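Next up, target-v2.pdb (PDB, C-alpha atoms, pLDDT in the B column):
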ATOM      1  CA  MET A   1       0.000   0.000   0.000  1.00 97.00           C
ATOM      2  CA  ASP A   2       2.968   2.304   0.559  1.00 97.00           C
ATOM      3  CA  ALA A   3       3.744   2.285  -3.174  1.00 98.00           C
ATOM      4  CA  ALA A   4       0.114   3.092  -3.999  1.00 98.00           C
ATOM      5  CA  LEU A   5       0.225   5.995  -1.539  1.00 98.00           C
ATOM      6  CA  GLU A   6       3.353   7.300  -3.271  1.00 98.00           C
ATOM      7  CA  GLU A   7       1.476   7.248  -6.573  1.00 98.00           C
ATOM      8  CA  ALA A   8      -1.418   9.116  -4.926  1.00 98.00           C
ATOM      9  CA  LYS A   9       0.998  11.799  -3.699  1.00 98.00           C
ATOM     10  CA  ARG A  10       2.442  12.145  -7.200  1.00 98.00           C
ATOM     11  CA  ALA A  11      -1.086  12.532  -8.566  1.00 98.00           C
ATOM     12  CA  ALA A  12      -1.744  15.351  -6.062  1.00 97.00           C
ATOM     13  CA  GLU A  13       1.456  17.075  -7.199  1.00 96.00           C
ATOM     14  CA  ARG A  14      -0.013  17.040 -10.735  1.00 96.00           C
ATOM     15  CA  GLN A  15      -3.243  18.561  -9.326  1.00 96.00           C
ATOM     16  CA  GLU A  16      -5.056  15.264  -9.920  1.00 97.00           C
ATOM     17  CA  VAL A  17      -7.308  13.693  -7.282  1.00 97.00           C
ATOM     18  CA  PRO A  18      -4.774  11.800  -5.144  1.00 98.00           C
ATOM     19  CA  VAL A  19      -5.539   8.178  -5.868  1.00 98.00           C
ATOM     20  CA  GLY A  20      -2.821   5.628  -6.505  1.00 98.00           C
ATOM     21  CA  ALA A  21      -2.807   1.976  -7.497  1.00 98.00           C
ATOM     22  CA  VAL A  22      -0.268  -0.805  -7.880  1.00 98.00           C
ATOM     23  CA  VAL A  23      -0.564  -4.292  -9.337  1.00 98.00           C
ATOM     24  CA  VAL A  24       1.460  -7.047  -7.660  1.00 98.00           C
ATOM     25  CA  HIS A  25       2.419 -10.329  -9.342  1.00 98.00           C
ATOM     26  CA  ASN A  26       4.516 -12.955  -7.556  1.00 97.00           C
ATOM     27  CA  ASN A  27       5.150 -10.511  -4.692  1.00 97.00           C
ATOM     28  CA  LYS A  28       6.599  -7.911  -7.072  1.00 98.00           C
ATOM     29  CA  ILE A  29       5.071  -4.628  -8.233  1.00 98.00           C
ATOM     30  CA  ILE A  30       4.644  -4.885 -11.990  1.00 98.00           C
ATOM     31  CA  ALA A  31       2.528  -1.780 -12.586  1.00 98.00           C
ATOM     32  CA  ARG A  32       1.835   1.470 -10.789  1.00 98.00           C
ATOM     33  CA  ALA A  33      -0.168   4.565 -11.545  1.00 98.00           C
ATOM     34  CA  GLY A  34      -1.891   7.598 -10.136  1.00 98.00           C
ATOM     35  CA  ASN A  35      -4.922   9.401 -11.489  1.00 98.00           C
ATOM     36  CA  ARG A  36      -4.271  11.216 -14.802  1.00 98.00           C
ATOM     37  CA  THR A  37      -7.755  12.280 -15.900  1.00 98.00           C
ATOM     38  CA  LEU A  38      -6.836  15.960 -16.219  1.00 97.00           C
ATOM     39  CA  GLU A  39      -3.405  15.415 -17.730  1.00 97.00           C
ATOM     40  CA  LEU A  40      -4.694  13.010 -20.389  1.00 98.00           C
ATOM     41  CA  ASN A  41      -8.110  14.660 -20.857  1.00 98.00           C
ATOM     42  CA  ASP A  42      -9.534  11.215 -20.298  1.00 98.00           C
ATOM     43  CA  PRO A  43     -12.302  10.543 -17.762  1.00 98.00           C
ATOM     44  CA  SER A  44     -11.306   6.867 -17.697  1.00 98.00           C
ATOM     45  CA  ALA A  45      -7.679   7.552 -16.704  1.00 98.00           C
ATOM     46  CA  HIS A  46      -8.214   6.440 -13.113  1.00 98.00           C
ATOM     47  CA  ALA A  47      -5.234   4.987 -11.266  1.00 98.00           C
ATOM     48  CA  GLU A  48      -6.738   1.486 -11.310  1.00 98.00           C
ATOM     49  CA  VAL A  49      -7.395   1.581 -15.063  1.00 98.00           C
ATOM     50  CA  LEU A  50      -3.884   2.762 -15.883  1.00 98.00           C
ATOM     51  CA  ALA A  51      -2.211   0.242 -13.565  1.00 98.00           C
ATOM     52  CA  ILE A  52      -4.296  -2.662 -14.880  1.00 98.00           C
ATOM     53  CA  ARG A  53      -3.573  -1.688 -18.496  1.00 98.00           C
ATOM     54  CA  GLU A  54       0.161  -1.597 -17.751  1.00 98.00           C
ATOM     55  CA  ALA A  55       0.042  -4.977 -15.968  1.00 98.00           C
ATOM     56  CA  CYS A  56      -1.876  -6.586 -18.846  1.00 98.00           C
ATOM     57  CA  GLU A  57       0.675  -5.265 -21.300  1.00 98.00           C
ATOM     58  CA  LYS A  58       3.611  -6.554 -19.229  1.00 98.00           C
ATOM     59  CA  LEU A  59       2.057  -9.991 -18.764  1.00 98.00           C
ATOM     60  CA  HIS A  60       0.737 -10.142 -22.356  1.00 98.00           C
ATOM     61  CA  SER A  61      -2.690 -11.085 -21.075  1.00 98.00           C
ATOM     62  CA  GLN A  62      -6.111  -9.566 -20.543  1.00 97.00           C
ATOM     63  CA  ARG A  63      -6.483 -11.688 -17.406  1.00 97.00           C
ATOM     64  CA  LEU A  64      -4.644 -10.927 -14.167  1.00 98.00           C
ATOM     65  CA  SER A  65      -5.924 -13.886 -12.169  1.00 97.00           C
ATOM     66  CA  ASP A  66      -2.690 -14.269 -10.227  1.00 98.00           C
ATOM     67  CA  CYS A  67      -2.348 -10.554  -9.475  1.00 98.00           C
ATOM     68  CA  ASP A  68      -3.374  -8.360  -6.570  1.00 98.00           C
ATOM     69  CA  LEU A  69      -4.400  -4.711  -6.789  1.00 98.00           C
ATOM     70  CA  TYR A  70      -3.685  -2.174  -4.057  1.00 98.00           C
ATOM     71  CA  VAL A  71      -5.592   1.098  -4.306  1.00 98.00           C
ATOM     72  CA  THR A  72      -5.716   4.086  -1.977  1.00 98.00           C
ATOM     73  CA  LEU A  73      -9.427   4.809  -2.445  1.00 98.00           C
ATOM     74  CA  GLU A  74     -12.359   2.490  -2.971  1.00 98.00           C
ATOM     75  CA  PRO A  75     -12.778   1.971  -6.722  1.00 98.00           C
ATOM     76  CA  CYS A  76     -15.722   3.548  -8.517  1.00 98.00           C
ATOM     77  CA  THR A  77     -18.195   1.363 -10.401  1.00 98.00           C
ATOM     78  CA  MET A  78     -16.245   1.693 -13.671  1.00 98.00           C
ATOM     79  CA  CYS A  79     -13.058   0.506 -11.992  1.00 98.00           C
ATOM     80  CA  ALA A  80     -14.869  -2.255 -10.100  1.00 98.00           C
ATOM     81  CA  ALA A  81     -16.126  -3.619 -13.421  1.00 98.00           C
ATOM     82  CA  LEU A  82     -12.615  -3.503 -14.864  1.00 98.00           C
ATOM     83  CA  ILE A  83     -11.210  -5.280 -11.803  1.00 98.00           C
ATOM     84  CA  SER A  84     -13.787  -8.019 -12.304  1.00 98.00           C
ATOM     85  CA  PHE A  85     -13.177  -8.278 -16.070  1.00 98.00           C
ATOM     86  CA  ALA A  86      -9.403  -8.475 -15.501  1.00 98.00           C
ATOM     87  CA  ARG A  87     -10.004 -11.264 -12.966  1.00 98.00           C
ATOM     88  CA  ILE A  88      -7.881  -9.592 -10.272  1.00 98.00           C
ATOM     89  CA  ARG A  89      -7.295 -12.138  -7.494  1.00 98.00           C
ATOM     90  CA  ARG A  90      -7.259  -9.814  -4.472  1.00 98.00           C
ATOM     91  CA  LEU A  91      -8.227  -6.178  -4.017  1.00 98.00           C
ATOM     92  CA  TYR A  92      -6.773  -4.163  -1.149  1.00 98.00           C
ATOM     93  CA  ILE A  93      -8.452  -0.818  -0.441  1.00 98.00           C
ATOM     94  CA  ALA A  94      -7.085   1.874   1.862  1.00 98.00           C
ATOM     95  CA  ALA A  95     -10.036   4.246   2.325  1.00 97.00           C
ATOM     96  CA  GLU A  96     -13.699   3.667   1.599  1.00 97.00           C
ATOM     97  CA  ASP A  97     -15.549   6.148  -0.602  1.00 96.00           C
ATOM     98  CA  ALA A  98     -19.108   6.457   0.700  1.00 94.00           C
ATOM     99  CA  LYS A  99     -19.995   8.935  -2.060  1.00 94.00           C
ATOM    100  CA  GLY A 100     -18.363   7.523  -5.194  1.00 95.00           C
ATOM    101  CA  GLY A 101     -17.284   4.000  -4.332  1.00 97.00           C
ATOM    102  CA  GLY A 102     -18.649   1.060  -6.253  1.00 98.00           C
ATOM    103  CA  VAL A 103     -17.272  -1.873  -4.269  1.00 98.00           C
ATOM    104  CA  LEU A 104     -18.189  -1.482  -0.607  1.00 97.00           C
ATOM    105  CA  ASN A 105     -20.607   1.389  -1.190  1.00 96.00           C
ATOM    106  CA  GLY A 106     -22.926   2.589  -3.948  1.00 96.00           C
ATOM    107  CA  VAL A 107     -23.880  -0.176  -6.363  1.00 96.00           C
ATOM    108  CA  ALA A 108     -21.577  -2.680  -4.599  1.00 97.00           C
ATOM    109  CA  PHE A 109     -20.661  -4.086  -8.006  1.00 98.00           C
ATOM    110  CA  PHE A 110     -19.186  -7.347  -6.734  1.00 98.00           C
ATOM    111  CA  ASP A 111     -22.459  -8.155  -4.941  1.00 97.00           C
ATOM    112  CA  GLN A 112     -24.471  -8.012  -8.159  1.00 97.00           C
ATOM    113  CA  GLU A 113     -25.777 -11.215  -9.726  1.00 95.00           C
ATOM    114  CA  THR A 114     -24.354 -10.168 -13.077  1.00 93.00           C
ATOM    115  CA  CYS A 115     -20.788  -9.869 -11.752  1.00 96.00           C
ATOM    116  CA  HIS A 116     -18.767 -12.726 -13.268  1.00 92.00           C
ATOM    117  CA  HIS A 117     -15.679 -12.547 -11.050  1.00 97.00           C
ATOM    118  CA  VAL A 118     -15.374 -11.335  -7.465  1.00 98.00           C
ATOM    119  CA  PRO A 119     -11.897 -10.736  -6.057  1.00 98.00           C
ATOM    120  CA  GLU A 120     -11.101 -11.293  -2.421  1.00 98.00           C
ATOM    121  CA  THR A 121     -11.506  -7.778  -1.024  1.00 98.00           C
ATOM    122  CA  TYR A 122      -9.846  -6.251   2.026  1.00 98.00           C
ATOM    123  CA  SER A 123     -10.230  -2.675   3.232  1.00 97.00           C
ATOM    124  CA  GLY A 124      -8.803  -0.344   5.835  1.00 94.00           C
ATOM    125  CA  MET A 125      -5.088  -0.711   5.067  1.00 93.00           C
ATOM    126  CA  GLN A 126      -3.534   2.720   5.735  1.00 95.00           C
ATOM    127  CA  GLU A 127      -7.027   4.207   5.683  1.00 95.00           C
ATOM    128  CA  THR A 128      -6.029   7.176   7.858  1.00 96.00           C
ATOM    129  CA  VAL A 129      -3.069   8.147   5.674  1.00 95.00           C
ATOM    130  CA  SER A 130      -5.102   7.914   2.480  1.00 96.00           C
ATOM    131  CA  GLY A 131      -8.028   9.821   3.997  1.00 94.00           C
ATOM    132  CA  GLU A 132      -5.774  12.614   5.228  1.00 96.00           C
ATOM    133  CA  LEU A 133      -4.183  12.949   1.789  1.00 96.00           C
ATOM    134  CA  LEU A 134      -7.597  13.249   0.152  1.00 94.00           C
ATOM    135  CA  ARG A 135      -8.954  15.685   2.762  1.00 94.00           C
ATOM    136  CA  ALA A 136      -5.892  17.937   2.435  1.00 93.00           C
ATOM    137  CA  PHE A 137      -6.182  17.921  -1.355  1.00 93.00           C
ATOM    138  CA  PHE A 138      -9.844  18.945  -1.372  1.00 92.00           C
ATOM    139  CA  LYS A 139      -9.370  21.448   1.448  1.00 89.00           C
ATOM    140  CA  GLU A 140      -6.703  23.180  -0.651  1.00 86.00           C
ATOM    141  CA  ARG A 141      -8.971  23.120  -3.714  1.00 82.00           C
ATOM    142  CA  ARG A 142     -11.720  24.812  -1.712  1.00 81.00           C
ATOM    143  CA  GLY A 143      -9.237  27.469  -0.555  1.00 76.00           C
ATOM    144  CA  GLU A 144      -9.521  26.680   3.137  1.00 65.00           C
TER     145      GLU A 144
END
For the structure just supplied, provide its representation as structure tokens.
Amino acid sequence: MDAALEEAKRAAERQEVPVGAVVVHNNKIIARAGNRTLELNDPSAHAEVLAIREACEKLHSQRLSDCDLYVTLEPCTMCAALISFARIRRLYIAAEDAKGGGVLNGVAFFDQETCHHVPETYSGMQETVSGELLRAFFKERRGE
């Protein structure tokens, strides 16, 4: 999770919402990313999407069934669907997102009958650190 938090900090430095993600395969980080929606003018350029794309490219596969994803904020519904489609083995979430999350909150994508693959999901890892990073980012944006 530390590496994902570093990616979130880098995203904040780029004025992006500070979310970071890393993909781990055989206990080694093979892909890492932070949000780049503003930089790339791409609403799908979430940290999870970019990290999963990089991991798929490195492993020459659309399936990441022996990979784990660490993310600093609960994935949105779009990212939850991608995580399922990529067949991620385990998902580790730092902070929940009661407003925009799609895994533990909102539509709870993995709980839907139509979800084909459900990763093992764990939350709360470094939740305080991730939450503080997000709160500081939005506080600064509001000019407080």
Please build the interface table for segment 83-114 of chain A against segment 43-51 of chain A with a cut-off of 12 Å, listing for each qualifying residue the nearest atom pair and the distance in Å to one decimal; count only C-alpha atoms, order rows by chain and increasing number, and write it as JSON lines.
{"residue": "A:Ile83", "atom": "CA", "partner": "A:Glu48", "partner_atom": "CA", "distance": 8.1}
{"residue": "A:Ser84", "atom": "CA", "partner": "A:Val49", "partner_atom": "CA", "distance": 11.9}
{"residue": "A:Phe85", "atom": "CA", "partner": "A:Val49", "partner_atom": "CA", "distance": 11.5}
{"residue": "A:Ala86", "atom": "CA", "partner": "A:Val49", "partner_atom": "CA", "distance": 10.3}
{"residue": "A:Ile88", "atom": "CA", "partner": "A:Glu48", "partner_atom": "CA", "distance": 11.2}
{"residue": "A:Leu91", "atom": "CA", "partner": "A:Glu48", "partner_atom": "CA", "distance": 10.7}
{"residue": "A:Tyr92", "atom": "CA", "partner": "A:Glu48", "partner_atom": "CA", "distance": 11.6}
{"residue": "A:Ile93", "atom": "CA", "partner": "A:Glu48", "partner_atom": "CA", "distance": 11.2}
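Closest to Arg87 of chain A among A:Gly143, A:Gly131, A:Pro119, A:Gly101 is A:Pro119, based on all atoms listed in the file.
When the distance limit is 12 Å and only C-alpha atoms are what count, the residues near Thr128 of chain A, minus those fewer than 3 positions from it on the same chain, are Leu5, Thr72, Leu73, Ile93, Ala94, Ala95, Glu96, Ser123, Gly124, Met125, Gly131, Glu132, Leu133, Leu134 and Arg135 of chain A.
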Tell me which of A:Asp42, A:Asp2, A:Glu7, A:Asp68 sits closest to Lys28 of chain A, counting only C-alpha atoms.
A:Asp68
Between atom CA of Thr121 of chain A and atom CA of Glu39 of chain A, measure the distance and give it in Å to one decimal.
29.7 Å
Convert the output of the PyMOL selection byres ((chain A and resi 137) around 10) on the shown file into explicit residues, formatted as a PyMOL selection string.
chain A and resi 9+12-13+15-18+131-136+138-142
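Here the question is which of A:Asn105, A:Gln112, A:Ser65, A:Ser130 gets nearest to Asn26 of chain A using all atoms listed in the file, and that residue is A:Ser65.
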Show me, as a compact mmCIF listing (two decimals) with C-alpha atoms, in the coordinates of the input, the residues that have an atom within 9 Å of segment 52-60 of chain A when counting all atoms listed in the file, minus same-chain residues fewer than 3 positions from it.
# COMPACT_ATOMS: atom_id res chain seq x y z
CA ALA A 21 -2.81 1.98 -7.50
CA VAL A 22 -0.27 -0.80 -7.88
CA VAL A 23 -0.56 -4.29 -9.34
CA VAL A 24 1.46 -7.05 -7.66
CA HIS A 25 2.42 -10.33 -9.34
CA ILE A 30 4.64 -4.88 -11.99
CA ALA A 31 2.53 -1.78 -12.59
CA ARG A 32 1.84 1.47 -10.79
CA ALA A 33 -0.17 4.57 -11.54
CA ALA A 47 -5.23 4.99 -11.27
CA GLU A 48 -6.74 1.49 -11.31
CA VAL A 49 -7.40 1.58 -15.06
CA ARG A 63 -6.48 -11.69 -17.41
CA LEU A 64 -4.64 -10.93 -14.17
CA CYS A 67 -2.35 -10.55 -9.48
CA LEU A 69 -4.40 -4.71 -6.79
CA LEU A 82 -12.62 -3.50 -14.86
CA ILE A 83 -11.21 -5.28 -11.80
CA ALA A 86 -9.40 -8.48 -15.50
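Of the listed residues (A:Ala11, A:Ala4, A:Ala81, A:Cys76), A:Cys76 comes nearest to Leu104 of chain A; the distances count all atoms listed in the file.
Closest approach to Arg89 of chain A from the set A:Val107, A:Leu38, A:Val129, A:Val118 is made by A:Val118, with distances taken over all atoms listed in the file.
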Between atom CA of Val71 of chain A and atom CA of Met1 of chain A, what is the distance, to one decimal in Å?
7.1 Å
For a test of reading the model, state the distance in Å between atom CA of Val19 of chain A and atom CA of Glu127 of chain A, rounded to one decimal.
12.3 Å
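Closest approach to Phe109 of chain A from the set A:Gly34, A:Arg14, A:Ala8, A:Thr77 is made by A:Thr77, with distances taken over only C-alpha atoms.
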Is it possible to get the axis-aligned box enclosing segment 120-132 of chain A (all listed atoms, 6 Å extra per side) as lines of an AutoDock Vina configuration file, with centre and edge lengths in Å rounded to one decimal?
center_x = -7.3
center_y = 0.7
center_z = 2.7
size_x = 20.4
size_y = 35.9
size_z = 22.3
